[in-house]
Amino acid sequence: MVLLPGGTFRMGSDEFYPDERPVHERTVAAFALDRYEVTNAQYAEFVDATGYVTVAERPLDPAEFPGVDPAELVPGAMVFTPTAGPVDLRQWRNWWRWQPGASWRHPFGPDSGIDDRLQHPVVHVAFEDATAYAEWAGLRLPTEAEHEYAARGGLVGARFAWGDEPYPGGEALANSWLGRFPYDNQGVGGTAPVGSYPANGYGLYDMTGNVWEWTSDYYTPRHVQLSDAPVDPGRRTNLLAAASAQEGFPNIPRRVLKGGSHLCSPDYCLRFRPAARSPQAEDTGQSHIGFRCARDA
């Protein structure tokens, strides 16, 4: 892990998406953060030690899906599938499909595996799955503010973790989508082994790109400015919980994902930036969502 000093920084962005606003000062206490995203090898060690079964591997309850044939209620997960050509980018179902048998062990379906992907970030982990691993390791998930503070790497006001240009000198400094989304990817084409791209100013890898990462914060459509007192992330109550319920998410809480993923493209989702954020239902992992852990200093 990397030990980060506490400090005050400018959180958010007024340049891109509405939910990144307003830019405001946020203070975090000193904390430590995983240098890399949690890998398949690390998650396998946790499962071997505990027998834990992830959400994507559990049978579905027919009571929660009235009218659906019980034979169709099999474990699985959402898997990204490139299209054959240009499609309506307003319809995410064009490139996401429900895949029975997909899970962290089988990221693309029952016929796939992770033997050759042990150093790739684990995916298909729901919030509960990430939290269970963190608790087993004696750690926790980072807050949204901690993640953004760490992702900035000490740069003040920069759009990206390395500066203001997405591809300085034509070089990709994070694993993102290169080409026309969602059918022409000239980049990696999926997750990359952790640490494949340069570290940021704090010595942290893949803080943007590769996979979205769970945080402990509830999502709201705009930043809720907390008090000016230093944030003690290890012991404070999450003040965004009530606001999240008021924003139309009373049944399935949404947590904030940070960092963007290998699916982020300038022509669709320019979110491989420290300020970028996305809501995700707690019970849903996908093939581009992973996590890393934090602890109090």
# chains A, B, ... in the order shown; residues from 1 in each chain; ligands from 1
>>> residues_around(residues="Arg58 of chain A", least_positions_apart="6", cutoff="12 Å", atoms="only C-alpha atoms", output="ChimeraX atom specification")
/A:52,73-77,100-103,126,129,283
>>> write_last_selection(atoms="N, CA, C and O atoms", output="JSON list (two decimals), in the first residue's frame")
[["chain", "number", "residue", "atom", "x", "y", "z"],
["A", 52, "TYR", "N", -16.18, -17.88, 0.33],
["A", 52, "TYR", "CA", -17.15, -16.85, -0.04],
["A", 52, "TYR", "C", -17.69, -17.08, -1.45],
["A", 52, "TYR", "O", -16.96, -17.46, -2.37],
["A", 73, "LEU", "N", -33.85, -18.25, -14.35],
["A", 73, "LEU", "CA", -33.24, -17.52, -13.23],
["A", 73, "LEU", "C", -31.97, -18.24, -12.77],
["A", 73, "LEU", "O", -31.93, -18.89, -11.74],
["A", 74, "VAL", "N", -30.96, -18.13, -13.59],
["A", 74, "VAL", "CA", -29.68, -18.77, -13.30],
["A", 74, "VAL", "C", -28.64, -17.69, -12.99],
["A", 74, "VAL", "O", -28.75, -16.55, -13.45],
["A", 75, "PRO", "N", -27.64, -18.00, -12.19],
["A", 75, "PRO", "CA", -26.61, -17.01, -11.88],
["A", 75, "PRO", "C", -25.89, -16.53, -13.14],
["A", 75, "PRO", "O", -25.74, -17.27, -14.12],
["A", 76, "GLY", "N", -25.45, -15.29, -13.10],
["A", 76, "GLY", "CA", -24.75, -14.72, -14.25],
["A", 76, "GLY", "C", -24.43, -13.27, -14.01],
["A", 76, "GLY", "O", -24.59, -12.75, -12.89],
["A", 77, "ALA", "N", -23.99, -12.59, -15.05],
["A", 77, "ALA", "CA", -23.58, -11.19, -14.91],
["A", 77, "ALA", "C", -23.64, -10.51, -16.27],
["A", 77, "ALA", "O", -23.79, -11.16, -17.32],
["A", 100, "PRO", "N", -25.43, -15.84, -18.66],
["A", 100, "PRO", "CA", -25.49, -16.87, -17.62],
["A", 100, "PRO", "C", -24.12, -17.51, -17.41],
["A", 100, "PRO", "O", -23.40, -17.79, -18.37],
["A", 101, "GLY", "N", -23.77, -17.71, -16.15],
["A", 101, "GLY", "CA", -22.50, -18.35, -15.84],
["A", 101, "GLY", "C", -21.31, -17.42, -15.76],
["A", 101, "GLY", "O", -20.21, -17.85, -15.40],
["A", 102, "ALA", "N", -21.50, -16.14, -16.07],
["A", 102, "ALA", "CA", -20.40, -15.18, -15.95],
["A", 102, "ALA", "C", -20.21, -14.81, -14.49],
["A", 102, "ALA", "O", -21.18, -14.62, -13.74],
["A", 103, "SER", "N", -18.97, -14.72, -14.06],
["A", 103, "SER", "CA", -18.64, -14.36, -12.68],
["A", 103, "SER", "C", -17.16, -13.99, -12.66],
["A", 103, "SER", "O", -16.49, -14.00, -13.69],
["A", 126, "ALA", "N", -19.76, -7.30, -6.96],
["A", 126, "ALA", "CA", -20.73, -6.33, -6.46],
["A", 126, "ALA", "C", -20.13, -5.62, -5.24],
["A", 126, "ALA", "O", -19.07, -6.01, -4.73],
["A", 129, "ASP", "N", -19.39, -7.90, -2.44],
["A", 129, "ASP", "CA", -18.24, -8.76, -2.68],
["A", 129, "ASP", "C", -16.93, -8.03, -2.40],
["A", 129, "ASP", "O", -15.98, -8.60, -1.84],
["A", 283, "ASP", "N", -25.94, -4.13, -5.84],
["A", 283, "ASP", "CA", -26.06, -5.57, -6.09],
["A", 283, "ASP", "C", -25.55, -5.99, -7.46],
["A", 283, "ASP", "O", -25.75, -7.13, -7.87]]
>>> select_by_dssp(residues="segment 53-209 of chain A", states="alpha helix (DSSP H)", output="PyMOL selection string")
chain A and resi 127-136+144-152
>>> write_last_selection(atoms="C-alpha atoms", output="PDB file, in the first residue's frame")
ATOM      1  CA  PHE A 127     -20.318  -3.845  -3.606  1.00  0.00           C
ATOM      2  CA  GLU A 128     -20.946  -6.623  -1.080  1.00  0.00           C
ATOM      3  CA  ASP A 129     -18.242  -8.755  -2.677  1.00  0.00           C
ATOM      4  CA  ALA A 130     -15.668  -5.963  -2.554  1.00  0.00           C
ATOM      5  CA  THR A 131     -16.548  -5.099   1.031  1.00  0.00           C
ATOM      6  CA  ALA A 132     -16.275  -8.739   2.116  1.00  0.00           C
ATOM      7  CA  TYR A 133     -12.754  -8.966   0.701  1.00  0.00           C
ATOM      8  CA  ALA A 134     -11.725  -5.703   2.351  1.00  0.00           C
ATOM      9  CA  GLU A 135     -13.007  -6.839   5.748  1.00  0.00           C
ATOM     10  CA  TRP A 136     -11.189 -10.179   5.415  1.00  0.00           C
ATOM     11  CA  GLU A 144     -14.952   8.987  -3.055  1.00  0.00           C
ATOM     12  CA  ALA A 145     -12.892  11.916  -1.805  1.00  0.00           C
ATOM     13  CA  GLU A 146      -9.962   9.661  -0.931  1.00  0.00           C
ATOM     14  CA  HIS A 147     -10.039   8.042  -4.357  1.00  0.00           C
ATOM     15  CA  GLU A 148     -10.093  11.349  -6.215  1.00  0.00           C
ATOM     16  CA  TYR A 149      -7.394  12.844  -3.998  1.00  0.00           C
ATOM     17  CA  ALA A 150      -5.185   9.813  -4.640  1.00  0.00           C
ATOM     18  CA  ALA A 151      -5.948   9.676  -8.371  1.00  0.00           C
ATOM     19  CA  ARG A 152      -4.835  13.274  -8.863  1.00  0.00           C
TER      20      ARG A 152
END
>>> residues_around(residues="segment 78-84 of chain A", least_positions_apart="4", cutoff="9 Å", atoms="only C-alpha atoms", output="PyMOL selection string")
chain A and resi 94-100+102+107-109+124+181-185+263+284-288
>>> closest_residue(among="A:Gln91, A:Tyr43, A:Pro274, A:Leu60", to="Arg10 of chain A", atoms="only C-alpha atoms")
A:Pro274
>>> select_by_dssp(residues="segment 36-224 of chain A", states="strand (DSSP E)", output="list in words")
Gly76, Ala77, Met78, Val79, Phe80, Trp96, Arg97, Trp98, Gln99, Pro100, Trp212, Glu213, Trp214, Thr215, Ser216, Asp217 and Tyr218 of chain A
>>> atom_distance(atom1="atom CA of Trp177 of chain A", atom2="atom CA of Gly189 of chain A")
7.3 Å
>>> residues_around(residues="Gly154 of chain A", least_positions_apart="3", cutoff="12 Å", atoms="only C-alpha atoms", output="ChimeraX atom specification")
/A:4-10,148-151,157-158,160-163,200-204,274
>>> write_last_selection(atoms="N, CA and C atoms", output="PDB file, in the first residue's frame")
ATOM      1  N   LEU A   4      -0.547   7.975   2.088  1.00  0.00           N
ATOM      2  CA  LEU A   4      -0.781   9.316   1.543  1.00  0.00           C
ATOM      3  C   LEU A   4      -1.022  10.292   2.690  1.00  0.00           C
ATOM      4  N   PRO A   5      -0.378  11.432   2.643  1.00  0.00           N
ATOM      5  CA  PRO A   5      -0.603  12.426   3.695  1.00  0.00           C
ATOM      6  C   PRO A   5      -1.988  13.037   3.554  1.00  0.00           C
ATOM      7  N   GLY A   6      -2.562  13.463   4.630  1.00  0.00           N
ATOM      8  CA  GLY A   6      -3.831  14.171   4.544  1.00  0.00           C
ATOM      9  C   GLY A   6      -3.628  15.521   3.888  1.00  0.00           C
ATOM     10  N   GLY A   7      -4.711  16.099   3.429  1.00  0.00           N
ATOM     11  CA  GLY A   7      -4.600  17.407   2.796  1.00  0.00           C
ATOM     12  C   GLY A   7      -5.931  17.884   2.259  1.00  0.00           C
ATOM     13  N   THR A   8      -5.923  19.108   1.787  1.00  0.00           N
ATOM     14  CA  THR A   8      -7.095  19.731   1.175  1.00  0.00           C
ATOM     15  C   THR A   8      -6.858  19.871  -0.323  1.00  0.00           C
ATOM     16  N   PHE A   9      -7.859  19.534  -1.120  1.00  0.00           N
ATOM     17  CA  PHE A   9      -7.714  19.623  -2.577  1.00  0.00           C
ATOM     18  C   PHE A   9      -9.015  20.106  -3.204  1.00  0.00           C
ATOM     19  N   ARG A  10      -8.934  20.473  -4.476  1.00  0.00           N
ATOM     20  CA  ARG A  10     -10.103  20.921  -5.225  1.00  0.00           C
ATOM     21  C   ARG A  10     -10.744  19.697  -5.862  1.00  0.00           C
ATOM     22  N   GLU A 148     -10.417  10.245  -5.318  1.00  0.00           N
ATOM     23  CA  GLU A 148     -10.093  11.349  -6.215  1.00  0.00           C
ATOM     24  C   GLU A 148      -8.799  12.048  -5.800  1.00  0.00           C
ATOM     25  N   TYR A 149      -8.625  12.239  -4.509  1.00  0.00           N
ATOM     26  CA  TYR A 149      -7.394  12.844  -3.998  1.00  0.00           C
ATOM     27  C   TYR A 149      -6.185  12.015  -4.427  1.00  0.00           C
ATOM     28  N   ALA A 150      -6.288  10.699  -4.278  1.00  0.00           N
ATOM     29  CA  ALA A 150      -5.185   9.813  -4.640  1.00  0.00           C
ATOM     30  C   ALA A 150      -4.960   9.784  -6.145  1.00  0.00           C
ATOM     31  N   ALA A 151      -6.063   9.767  -6.916  1.00  0.00           N
ATOM     32  CA  ALA A 151      -5.948   9.676  -8.371  1.00  0.00           C
ATOM     33  C   ALA A 151      -5.262  10.902  -8.970  1.00  0.00           C
ATOM     34  N   GLY A 157      -5.760  20.790 -10.175  1.00  0.00           N
ATOM     35  CA  GLY A 157      -6.620  21.288 -11.232  1.00  0.00           C
ATOM     36  C   GLY A 157      -6.468  20.623 -12.581  1.00  0.00           C
ATOM     37  N   ALA A 158      -5.659  19.574 -12.700  1.00  0.00           N
ATOM     38  CA  ALA A 158      -5.461  18.908 -13.984  1.00  0.00           C
ATOM     39  C   ALA A 158      -6.678  18.063 -14.336  1.00  0.00           C
ATOM     40  N   PHE A 160      -6.642  15.258 -16.194  1.00  0.00           N
ATOM     41  CA  PHE A 160      -6.298  13.841 -16.129  1.00  0.00           C
ATOM     42  C   PHE A 160      -5.241  13.628 -15.052  1.00  0.00           C
ATOM     43  N   ALA A 161      -4.938  12.382 -14.785  1.00  0.00           N
ATOM     44  CA  ALA A 161      -3.982  12.068 -13.725  1.00  0.00           C
ATOM     45  C   ALA A 161      -2.564  12.490 -14.088  1.00  0.00           C
ATOM     46  N   TRP A 162      -2.352  12.855 -15.355  1.00  0.00           N
ATOM     47  CA  TRP A 162      -1.016  13.214 -15.844  1.00  0.00           C
ATOM     48  C   TRP A 162      -0.954  14.641 -16.408  1.00  0.00           C
ATOM     49  N   GLY A 163      -2.083  15.315 -16.538  1.00  0.00           N
ATOM     50  CA  GLY A 163      -2.096  16.655 -17.117  1.00  0.00           C
ATOM     51  C   GLY A 163      -3.438  16.961 -17.744  1.00  0.00           C
ATOM     52  N   ASN A 200       0.974   7.243 -11.190  1.00  0.00           N
ATOM     53  CA  ASN A 200       0.783   8.691 -11.061  1.00  0.00           C
ATOM     54  C   ASN A 200       1.807   9.263 -10.083  1.00  0.00           C
ATOM     55  N   GLY A 201       1.631  10.524  -9.729  1.00  0.00           N
ATOM     56  CA  GLY A 201       2.608  11.194  -8.887  1.00  0.00           C
ATOM     57  C   GLY A 201       2.743  10.622  -7.498  1.00  0.00           C
ATOM     58  N   TYR A 202       1.769   9.840  -7.050  1.00  0.00           N
ATOM     59  CA  TYR A 202       1.841   9.206  -5.736  1.00  0.00           C
ATOM     60  C   TYR A 202       2.332   7.762  -5.806  1.00  0.00           C
ATOM     61  N   GLY A 203       2.693   7.304  -7.000  1.00  0.00           N
ATOM     62  CA  GLY A 203       3.144   5.923  -7.137  1.00  0.00           C
ATOM     63  C   GLY A 203       2.015   4.917  -7.187  1.00  0.00           C
ATOM     64  N   LEU A 204       0.814   5.364  -7.554  1.00  0.00           N
ATOM     65  CA  LEU A 204      -0.359   4.495  -7.656  1.00  0.00           C
ATOM     66  C   LEU A 204      -0.643   4.178  -9.123  1.00  0.00           C
ATOM     67  N   PRO A 274      -9.677  11.779 -12.855  1.00  0.00           N
ATOM     68  CA  PRO A 274      -9.880  11.722 -11.401  1.00  0.00           C
ATOM     69  C   PRO A 274     -11.235  12.234 -10.940  1.00  0.00           C
TER      70      PRO A 274
END
>>> atom_distance(atom1="atom CA of Asn175 of chain A", atom2="atom CA of Asp217 of chain A")
24.5 Å
>>> closest_residue(among="A:Leu3, A:Tyr268, A:Glu64, A:Val156", to="Asp88 of chain A", atoms="only C-alpha atoms")
A:Tyr268
